[in-house]
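Peer 1: File follows, input03.pdb with PDB, C-alpha atoms, pLDDT in the B column:
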```pdb
ATOM      1  CA  MET A  20      16.253 -21.775 -16.049  1.00 46.00           C
ATOM      2  CA  SER A  21      16.702 -24.978 -14.076  1.00 45.00           C
ATOM      3  CA  ALA A  22      19.988 -26.169 -12.586  1.00 49.00           C
ATOM      4  CA  ILE A  23      20.837 -28.146 -15.732  1.00 53.00           C
ATOM      5  CA  GLY A  24      20.062 -25.296 -18.133  1.00 52.00           C
ATOM      6  CA  THR A  25      16.612 -26.232 -19.456  1.00 52.00           C
ATOM      7  CA  PRO A  26      13.883 -23.585 -19.293  1.00 51.00           C
ATOM      8  CA  LEU A  27      11.246 -23.954 -16.594  1.00 52.00           C
ATOM      9  CA  ILE A  28       7.696 -24.416 -17.875  1.00 54.00           C
ATOM     10  CA  SER A  29       4.831 -22.791 -15.996  1.00 52.00           C
ATOM     11  CA  THR A  30       2.171 -25.206 -14.784  1.00 61.00           C
ATOM     12  CA  THR A  31      -0.456 -22.454 -14.670  1.00 71.00           C
ATOM     13  CA  GLY A  32      -0.509 -21.862 -18.424  1.00 73.00           C
ATOM     14  CA  PRO A  33       0.892 -19.098 -20.604  1.00 83.00           C
ATOM     15  CA  TRP A  34       1.057 -15.563 -19.272  1.00 79.00           C
ATOM     16  CA  VAL A  35      -1.448 -13.248 -20.920  1.00 83.00           C
ATOM     17  CA  LEU A  36      -1.172  -9.491 -21.175  1.00 82.00           C
ATOM     18  CA  PRO A  37      -3.597  -7.746 -18.789  1.00 84.00           C
ATOM     19  CA  TYR A  38      -6.508  -5.839 -20.327  1.00 87.00           C
ATOM     20  CA  ARG A  39      -5.136  -2.483 -21.451  1.00 92.00           C
ATOM     21  CA  GLY A  40      -8.133  -0.627 -20.024  1.00 93.00           C
ATOM     22  CA  LYS A  41      -7.297  -1.877 -16.527  1.00 94.00           C
ATOM     23  CA  VAL A  42      -3.628  -0.982 -16.988  1.00 95.00           C
ATOM     24  CA  GLY A  43      -4.578   2.516 -18.150  1.00 96.00           C
ATOM     25  CA  MET A  44      -6.968   2.992 -15.240  1.00 97.00           C
ATOM     26  CA  ALA A  45      -4.338   1.724 -12.790  1.00 96.00           C
ATOM     27  CA  CYS A  46      -1.892   4.329 -14.128  1.00 97.00           C
ATOM     28  CA  LEU A  47      -4.522   7.062 -13.833  1.00 97.00           C
ATOM     29  CA  ILE A  48      -5.338   6.018 -10.264  1.00 97.00           C
ATOM     30  CA  VAL A  49      -1.651   6.083  -9.271  1.00 97.00           C
ATOM     31  CA  ALA A  50      -1.244   9.582 -10.733  1.00 98.00           C
ATOM     32  CA  GLU A  51      -4.445  10.854  -9.124  1.00 98.00           C
ATOM     33  CA  SER A  52      -3.449   9.302  -5.789  1.00 98.00           C
ATOM     34  CA  ALA A  53      -0.249  11.352  -5.876  1.00 98.00           C
ATOM     35  CA  ILE A  54      -2.250  14.542  -6.448  1.00 98.00           C
ATOM     36  CA  PHE A  55      -4.661  13.745  -3.610  1.00 98.00           C
ATOM     37  CA  THR A  56      -1.720  12.941  -1.324  1.00 98.00           C
ATOM     38  CA  ILE A  57      -0.307  16.426  -1.906  1.00 98.00           C
ATOM     39  CA  PHE A  58      -3.653  18.042  -1.058  1.00 98.00           C
ATOM     40  CA  VAL A  59      -4.139  15.880   2.045  1.00 98.00           C
ATOM     41  CA  VAL A  60      -0.622  16.664   3.317  1.00 97.00           C
ATOM     42  CA  ALA A  61      -1.224  20.387   2.705  1.00 97.00           C
ATOM     43  CA  TYR A  62      -4.502  20.220   4.642  1.00 97.00           C
ATOM     44  CA  LEU A  63      -2.836  18.462   7.573  1.00 97.00           C
ATOM     45  CA  PHE A  64       0.182  20.791   7.492  1.00 96.00           C
ATOM     46  CA  TYR A  65      -1.947  23.939   7.655  1.00 96.00           C
ATOM     47  CA  ALA A  66      -4.526  22.560  10.112  1.00 94.00           C
ATOM     48  CA  GLY A  67      -4.846  24.869  13.101  1.00 92.00           C
ATOM     49  CA  LYS A  68      -2.591  27.552  11.579  1.00 93.00           C
ATOM     50  CA  SER A  69      -5.303  29.986  10.514  1.00 92.00           C
ATOM     51  CA  LEU A  70      -4.894  33.382  12.154  1.00 90.00           C
ATOM     52  CA  THR A  71      -8.605  34.165  11.881  1.00 92.00           C
ATOM     53  CA  GLY A  72     -11.793  32.101  12.157  1.00 89.00           C
ATOM     54  CA  PRO A  73     -13.893  30.235  11.598  1.00 95.00           C
ATOM     55  CA  THR A  74     -12.174  26.995  12.582  1.00 95.00           C
ATOM     56  CA  PRO A  75     -13.139  23.467  11.467  1.00 96.00           C
ATOM     57  CA  ARG A  76     -14.525  22.613  14.904  1.00 95.00           C
ATOM     58  CA  GLU A  77     -16.851  25.639  14.773  1.00 96.00           C
ATOM     59  CA  VAL A  78     -18.381  25.004  11.348  1.00 97.00           C
ATOM     60  CA  LEU A  79     -17.896  21.410  10.147  1.00 97.00           C
ATOM     61  CA  ASP A  80     -20.468  18.699  10.725  1.00 96.00           C
ATOM     62  CA  PRO A  81     -19.543  15.209   9.448  1.00 96.00           C
ATOM     63  CA  PRO A  82     -21.801  14.360   6.458  1.00 97.00           C
ATOM     64  CA  ILE A  83     -22.629  10.842   7.676  1.00 98.00           C
ATOM     65  CA  PHE A  84     -25.725  10.266   5.513  1.00 98.00           C
ATOM     66  CA  TYR A  85     -24.056  11.418   2.296  1.00 98.00           C
ATOM     67  CA  THR A  86     -20.960   9.369   3.118  1.00 98.00           C
ATOM     68  CA  VAL A  87     -23.143   6.266   3.515  1.00 98.00           C
ATOM     69  CA  CYS A  88     -24.694   7.075   0.113  1.00 98.00           C
ATOM     70  CA  LEU A  89     -21.283   7.232  -1.557  1.00 98.00           C
ATOM     71  CA  MET A  90     -20.001   4.069   0.128  1.00 98.00           C
ATOM     72  CA  SER A  91     -23.194   2.228  -0.859  1.00 98.00           C
ATOM     73  CA  SER A  92     -22.644   3.246  -4.467  1.00 98.00           C
ATOM     74  CA  SER A  93     -19.445   1.177  -4.491  1.00 98.00           C
ATOM     75  CA  LEU A  94     -21.498  -1.920  -3.707  1.00 98.00           C
ATOM     76  CA  SER A  95     -24.163  -1.135  -6.304  1.00 98.00           C
ATOM     77  CA  ILE A  96     -21.633  -0.526  -9.099  1.00 98.00           C
ATOM     78  CA  HIS A  97     -19.721  -3.692  -8.197  1.00 98.00           C
ATOM     79  CA  ILE A  98     -22.863  -5.836  -8.378  1.00 98.00           C
ATOM     80  CA  ALA A  99     -23.965  -4.040 -11.570  1.00 98.00           C
ATOM     81  CA  ALA A 100     -20.679  -4.884 -13.309  1.00 98.00           C
ATOM     82  CA  LYS A 101     -21.022  -8.550 -12.290  1.00 97.00           C
ATOM     83  CA  LEU A 102     -24.611  -8.671 -13.585  1.00 98.00           C
ATOM     84  CA  LEU A 103     -23.597  -7.228 -16.950  1.00 98.00           C
ATOM     85  CA  LYS A 104     -20.882  -9.849 -17.288  1.00 96.00           C
ATOM     86  CA  ARG A 105     -23.563 -12.527 -16.812  1.00 97.00           C
ATOM     87  CA  GLY A 106     -25.784 -10.887 -19.433  1.00 96.00           C
ATOM     88  CA  GLU A 107     -28.422  -9.576 -17.019  1.00 97.00           C
ATOM     89  CA  THR A 108     -28.687  -6.159 -18.651  1.00 97.00           C
ATOM     90  CA  THR A 109     -31.990  -5.077 -17.085  1.00 97.00           C
ATOM     91  CA  ALA A 110     -30.729  -5.675 -13.542  1.00 98.00           C
ATOM     92  CA  PHE A 111     -27.436  -4.016 -14.530  1.00 98.00           C
ATOM     93  CA  MET A 112     -29.275  -0.894 -15.695  1.00 98.00           C
ATOM     94  CA  GLY A 113     -31.255  -0.687 -12.451  1.00 98.00           C
ATOM     95  CA  LEU A 114     -28.173  -0.886 -10.234  1.00 98.00           C
ATOM     96  CA  TRP A 115     -26.189   1.403 -12.537  1.00 98.00           C
ATOM     97  CA  PHE A 116     -28.947   4.006 -12.212  1.00 98.00           C
ATOM     98  CA  LEU A 117     -28.957   3.519  -8.425  1.00 98.00           C
ATOM     99  CA  THR A 118     -25.193   4.194  -8.398  1.00 98.00           C
ATOM    100  CA  ILE A 119     -25.774   7.477 -10.236  1.00 98.00           C
ATOM    101  CA  VAL A 120     -28.525   8.468  -7.788  1.00 98.00           C
ATOM    102  CA  LEU A 121     -26.315   7.690  -4.762  1.00 98.00           C
ATOM    103  CA  GLY A 122     -23.393   9.614  -6.258  1.00 98.00           C
ATOM    104  CA  GLY A 123     -25.714  12.508  -7.090  1.00 98.00           C
ATOM    105  CA  LEU A 124     -27.003  12.568  -3.513  1.00 98.00           C
ATOM    106  CA  PHE A 125     -23.426  12.764  -2.255  1.00 98.00           C
ATOM    107  CA  LEU A 126     -22.675  15.668  -4.596  1.00 98.00           C
ATOM    108  CA  TYR A 127     -25.881  17.389  -3.486  1.00 98.00           C
ATOM    109  CA  GLY A 128     -24.748  17.000   0.139  1.00 98.00           C
ATOM    110  CA  THR A 129     -21.403  18.590  -0.679  1.00 98.00           C
ATOM    111  CA  GLY A 130     -23.192  21.510  -2.345  1.00 98.00           C
ATOM    112  CA  GLN A 131     -25.477  21.946   0.665  1.00 98.00           C
ATOM    113  CA  GLU A 132     -22.508  21.983   3.011  1.00 98.00           C
ATOM    114  CA  TRP A 133     -20.683  24.560   0.920  1.00 98.00           C
ATOM    115  CA  HIS A 134     -23.803  26.752   0.758  1.00 98.00           C
ATOM    116  CA  ARG A 135     -24.111  26.607   4.559  1.00 98.00           C
ATOM    117  CA  LEU A 136     -20.412  27.343   5.112  1.00 98.00           C
ATOM    118  CA  ILE A 137     -20.419  30.310   2.742  1.00 98.00           C
ATOM    119  CA  HIS A 138     -23.766  31.907   3.653  1.00 97.00           C
ATOM    120  CA  GLU A 139     -24.056  31.075   7.354  1.00 97.00           C
ATOM    121  CA  HIS A 140     -20.407  31.151   8.437  1.00 97.00           C
ATOM    122  CA  GLY A 141     -18.746  33.339   5.802  1.00 97.00           C
ATOM    123  CA  LEU A 142     -16.146  30.675   5.013  1.00 97.00           C
ATOM    124  CA  THR A 143     -14.815  31.053   1.494  1.00 97.00           C
ATOM    125  CA  ILE A 144     -11.652  29.863  -0.193  1.00 97.00           C
ATOM    126  CA  SER A 145     -10.010  33.214   0.651  1.00 96.00           C
ATOM    127  CA  THR A 146     -11.215  33.556   4.275  1.00 96.00           C
ATOM    128  CA  ASN A 147      -8.264  31.799   5.917  1.00 96.00           C
ATOM    129  CA  LEU A 148      -5.907  28.824   5.503  1.00 96.00           C
ATOM    130  CA  PHE A 149      -8.616  26.442   6.608  1.00 97.00           C
ATOM    131  CA  GLY A 150     -10.989  27.742   3.912  1.00 97.00           C
ATOM    132  CA  THR A 151      -8.303  27.508   1.249  1.00 97.00           C
ATOM    133  CA  THR A 152      -7.238  23.953   2.057  1.00 97.00           C
ATOM    134  CA  TYR A 153     -10.779  22.719   2.798  1.00 98.00           C
ATOM    135  CA  TYR A 154     -12.306  23.894  -0.479  1.00 98.00           C
ATOM    136  CA  SER A 155      -9.252  22.740  -2.420  1.00 98.00           C
ATOM    137  CA  LEU A 156      -9.287  19.198  -1.003  1.00 98.00           C
ATOM    138  CA  VAL A 157     -13.047  18.628  -0.866  1.00 98.00           C
ATOM    139  CA  GLY A 158     -13.454  20.437  -4.196  1.00 98.00           C
ATOM    140  CA  LEU A 159     -10.864  18.195  -5.849  1.00 98.00           C
ATOM    141  CA  HIS A 160     -12.800  15.175  -4.657  1.00 98.00           C
ATOM    142  CA  GLY A 161     -16.088  16.718  -5.776  1.00 98.00           C
ATOM    143  CA  PHE A 162     -14.612  17.289  -9.236  1.00 98.00           C
ATOM    144  CA  HIS A 163     -13.710  13.586  -9.456  1.00 98.00           C
ATOM    145  CA  VAL A 164     -17.211  12.574  -8.346  1.00 98.00           C
ATOM    146  CA  THR A 165     -18.681  14.874 -11.017  1.00 98.00           C
ATOM    147  CA  ALA A 166     -16.423  13.385 -13.706  1.00 98.00           C
ATOM    148  CA  GLY A 167     -17.386   9.888 -12.567  1.00 98.00           C
ATOM    149  CA  LEU A 168     -21.098  10.721 -12.670  1.00 98.00           C
ATOM    150  CA  LEU A 169     -20.749  12.075 -16.211  1.00 98.00           C
ATOM    151  CA  MET A 170     -19.090   8.835 -17.336  1.00 98.00           C
ATOM    152  CA  LEU A 171     -21.698   6.709 -15.537  1.00 98.00           C
ATOM    153  CA  THR A 172     -24.488   8.728 -17.168  1.00 98.00           C
ATOM    154  CA  ILE A 173     -22.982   8.227 -20.632  1.00 98.00           C
ATOM    155  CA  VAL A 174     -22.949   4.462 -20.040  1.00 98.00           C
ATOM    156  CA  LEU A 175     -26.571   4.647 -18.831  1.00 98.00           C
ATOM    157  CA  LEU A 176     -27.606   6.498 -22.001  1.00 98.00           C
ATOM    158  CA  PHE A 177     -25.870   3.889 -24.152  1.00 97.00           C
ATOM    159  CA  GLY A 178     -27.662   1.239 -22.099  1.00 97.00           C
ATOM    160  CA  VAL A 179     -31.043   2.874 -22.688  1.00 96.00           C
ATOM    161  CA  ALA A 180     -30.215   2.863 -26.421  1.00 96.00           C
ATOM    162  CA  GLY A 181     -29.561  -0.884 -26.169  1.00 94.00           C
ATOM    163  CA  ARG A 182     -25.859  -0.599 -26.876  1.00 95.00           C
ATOM    164  CA  VAL A 183     -24.503  -2.019 -23.607  1.00 96.00           C
ATOM    165  CA  GLY A 184     -24.222  -5.783 -23.261  1.00 95.00           C
ATOM    166  CA  PRO A 185     -21.890  -8.460 -21.880  1.00 96.00           C
ATOM    167  CA  GLU A 186     -19.342  -7.638 -24.591  1.00 96.00           C
ATOM    168  CA  GLN A 187     -18.798  -4.245 -22.886  1.00 95.00           C
ATOM    169  CA  SER A 188     -18.419  -5.749 -19.400  1.00 96.00           C
ATOM    170  CA  ALA A 189     -14.629  -5.289 -19.373  1.00 95.00           C
ATOM    171  CA  ARG A 190     -15.000  -1.573 -20.109  1.00 96.00           C
ATOM    172  CA  VAL A 191     -17.715  -1.199 -17.491  1.00 97.00           C
ATOM    173  CA  GLU A 192     -15.453  -2.905 -14.971  1.00 97.00           C
ATOM    174  CA  VAL A 193     -12.687  -0.404 -15.736  1.00 97.00           C
ATOM    175  CA  LEU A 194     -15.098   2.457 -15.061  1.00 97.00           C
ATOM    176  CA  SER A 195     -16.172   0.799 -11.819  1.00 98.00           C
ATOM    177  CA  LEU A 196     -12.504   0.795 -10.724  1.00 98.00           C
ATOM    178  CA  TYR A 197     -12.463   4.575 -11.086  1.00 98.00           C
ATOM    179  CA  TRP A 198     -15.628   4.837  -8.991  1.00 98.00           C
ATOM    180  CA  HIS A 199     -14.137   2.612  -6.276  1.00 98.00           C
ATOM    181  CA  PHE A 200     -11.078   4.882  -6.272  1.00 98.00           C
ATOM    182  CA  VAL A 201     -13.294   7.947  -5.766  1.00 98.00           C
ATOM    183  CA  ASP A 202     -14.980   6.202  -2.829  1.00 98.00           C
ATOM    184  CA  VAL A 203     -11.698   5.149  -1.197  1.00 98.00           C
ATOM    185  CA  VAL A 204     -10.365   8.693  -1.549  1.00 98.00           C
ATOM    186  CA  TRP A 205     -13.460   9.980   0.257  1.00 98.00           C
ATOM    187  CA  VAL A 206     -12.717   7.674   3.191  1.00 98.00           C
ATOM    188  CA  VAL A 207      -9.293   9.356   3.453  1.00 98.00           C
ATOM    189  CA  VAL A 208     -10.699  12.876   2.977  1.00 98.00           C
ATOM    190  CA  PHE A 209     -13.493  12.274   5.502  1.00 98.00           C
ATOM    191  CA  THR A 210     -11.027  10.918   8.068  1.00 98.00           C
ATOM    192  CA  VAL A 211      -8.621  13.833   7.603  1.00 97.00           C
ATOM    193  CA  VAL A 212     -11.153  16.688   7.387  1.00 98.00           C
ATOM    194  CA  TYR A 213     -13.882  15.574   9.786  1.00 97.00           C
ATOM    195  CA  VAL A 214     -11.955  13.443  12.306  1.00 96.00           C
ATOM    196  CA  LEU A 215      -8.190  14.061  12.549  1.00 94.00           C
ATOM    197  CA  ALA A 216      -7.914  17.790  11.797  1.00 90.00           C
ATOM    198  CA  ARG A 217     -11.162  18.913  13.373  1.00 83.00           C
TER     199      ARG A 217
END
```
Using the file provided, produce a representation of the structure as structure tokens.
Peer 2:
Amino acid sequence: MSAIGTPLISTTGPWVLPYRGKVGMACLIVAESAIFTIFVVAYLFYAGKSLTGPTPREVLDPPIFYTVCLMSSSLSIHIAAKLLKRGETTAFMGLWFLTIVLGGLFLYGTGQEWHRLIHEHGLTISTNLFGTTYYSLVGLHGFHVTAGLLMLTIVLLFGVAGRVGPEQSARVEVLSLYWHFVDVVWVVVFTVVYVLAR
């Protein structure tokens, strides 16, 4: 209301409700962020408190290549979503597939690391506090990557069937938000596990 009691009129046009898919994804991301925060705090709290080995410094090697793969997938999915919005479905499909490959490489790297830790160093989830918190935190992230890859693959299959076009660009963008979230979480997990608490 203005000083003389008449309502103020917006010069930017009427306010429109945001797309419900984005609102839903934002709510999911907030909830998932809270869960990851708990796991990160637990990892930091118990860092260095294991009574027996192995310790992070003895067995962890930063997965630089696989991290680059995951970070690159954020760029490929972002460009793919923009291409779909412009109606360039063939280019969209190529970059969408590349995103799946990059995410799959990251997941493969996580599996390789776990195999090495278990079989070469005897580190399991029940070995010590480090094993428990490491597998819980990295495993939680790996679960989210797996869920994201399943969703991306479903979209790819629909695309191959010719059922993905510019009219689905808003939904694809919502899914890309989830993938960006997974990538940002990995930056935090990588920093905590392989830099700060090592």
Peer 1: At a cut-off of 6 Å, using only C-alpha atoms, what residues contact stretch 75-92 of chain A? Leave out same-chain residues fewer than 5 positions from it and give the result as a VMD selection string.
Peer 2: chain A and resid 118 121 to 122 125 213 217
Peer 1: For a test of reading the model, state the distance in Å between atom CA of A:Thr146 and atom CA of A:Ala53, rounded to one decimal.
Peer 2: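 Computed distance, atom CA of A:Thr146 to atom CA of A:Ala53, equals 26.8 Å.
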Peer 1: Which is closest to A:Ala45 among A:Thr152, A:Gln131, A:Thr143, A:Ser195, if we use all atoms listed in the file?
Peer 2: A:Ser195
Peer 1: If the PyMOL selection byres ((chain A and resi 105-113) around 9) were run on this exact file, what residues would it hold? Put them as number ranges by chain.
Peer 2: A: 96, 98-104, 114-118, 175, 178-179, 183-186, 188
Peer 1: List as a list in words: which residues have an atom within 12 Å of (-4.8, 11.7, -12.2), counting all atoms listed in the file?
Peer 2: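 Within the cut-off we find Gly43, Met44, Ala45, Cys46, Leu47, Ile48, Val49, Ala50, Glu51, Ser52, Ala53, Ile54, Phe55, Thr56, Leu159, His160, Phe162, His163, Ala166, Tyr197, Phe200 and Val201 of chain A.
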Peer 1: For the structure provided, state which residues fall under the PyMOL selection byres ((chain A and resi 147) around 12), and present them as a list of chain:residue names.
Peer 2: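 On the file shown, the PyMOL selection byres ((chain A and resi 147) around 12) covers A:Tyr65, A:Ala66, A:Gly67, A:Lys68, A:Ser69, A:Leu70, A:Thr71, A:Gly72, A:Pro73, A:Thr74, A:Pro75, A:Gly141, A:Leu142, A:Thr143, A:Ile144, A:Ser145, A:Thr146, A:Leu148, A:Phe149, A:Gly150, A:Thr151, A:Thr152, A:Tyr153, A:Tyr154.
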Peer 1: What is the atom CA of A:Ile119-atom CA of A:Tyr38 distance in Å, reported with one decimal?
Peer 2: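 It comes out at 25.5 Å.
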Peer 1: Mind giving me the straight-line distance from atom CA of A:Tyr127 to atom CA of A:Ala216 in Å, one decimal?
Peer 2: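 So the two atoms, atom CA of A:Tyr127 and atom CA of A:Ala216, lie 23.6 Å apart.
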Peer 1: Under the rule that all atoms listed in the file are counted, which of A:Leu36, A:Val60, A:Gln187, A:Ser93 is the nearest residue to A:Val203?
Peer 2: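 Looking only at the distances to A:Val203, the closest residue turns out to be A:Ser93.
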Peer 1: To test the calculation: enclose all listed atoms of stretch 107-119 of chain A in a box whose edges run along x, y and z, add 5 Å on each side, then state centre and edge lengths in Å to one decimal, as AutoDock Vina command-line options.
Peer 2:
```
--center_x -28.6 --center_y -1.0 --center_z -13.5 --size_x 16.8 --size_y 27.1 --size_z 20.3
```
Peer 1: Quick one: residues within 7 Å of (-10.7, 17.3, 4.6) (file frame), counting all atoms listed in the file, please, as a compact mmCIF listing (two decimals) with C-alpha atoms, in the coordinates of the input.
Peer 2:
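In the end it all went to result_12.txt:
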```
# COMPACT_ATOMS: atom_id res chain seq x y z
CA TYR A 62 -4.50 20.22 4.64
CA TYR A 153 -10.78 22.72 2.80
CA LEU A 156 -9.29 19.20 -1.00
CA VAL A 157 -13.05 18.63 -0.87
CA VAL A 208 -10.70 12.88 2.98
CA PHE A 209 -13.49 12.27 5.50
CA VAL A 211 -8.62 13.83 7.60
CA VAL A 212 -11.15 16.69 7.39
CA TYR A 213 -13.88 15.57 9.79
```
Peer 1: Could you check which of A:Thr210, A:Glu132, A:Gly123, A:Asp202 is closest to A:Leu169, using all atoms listed in the file?
Peer 2: A:Gly123
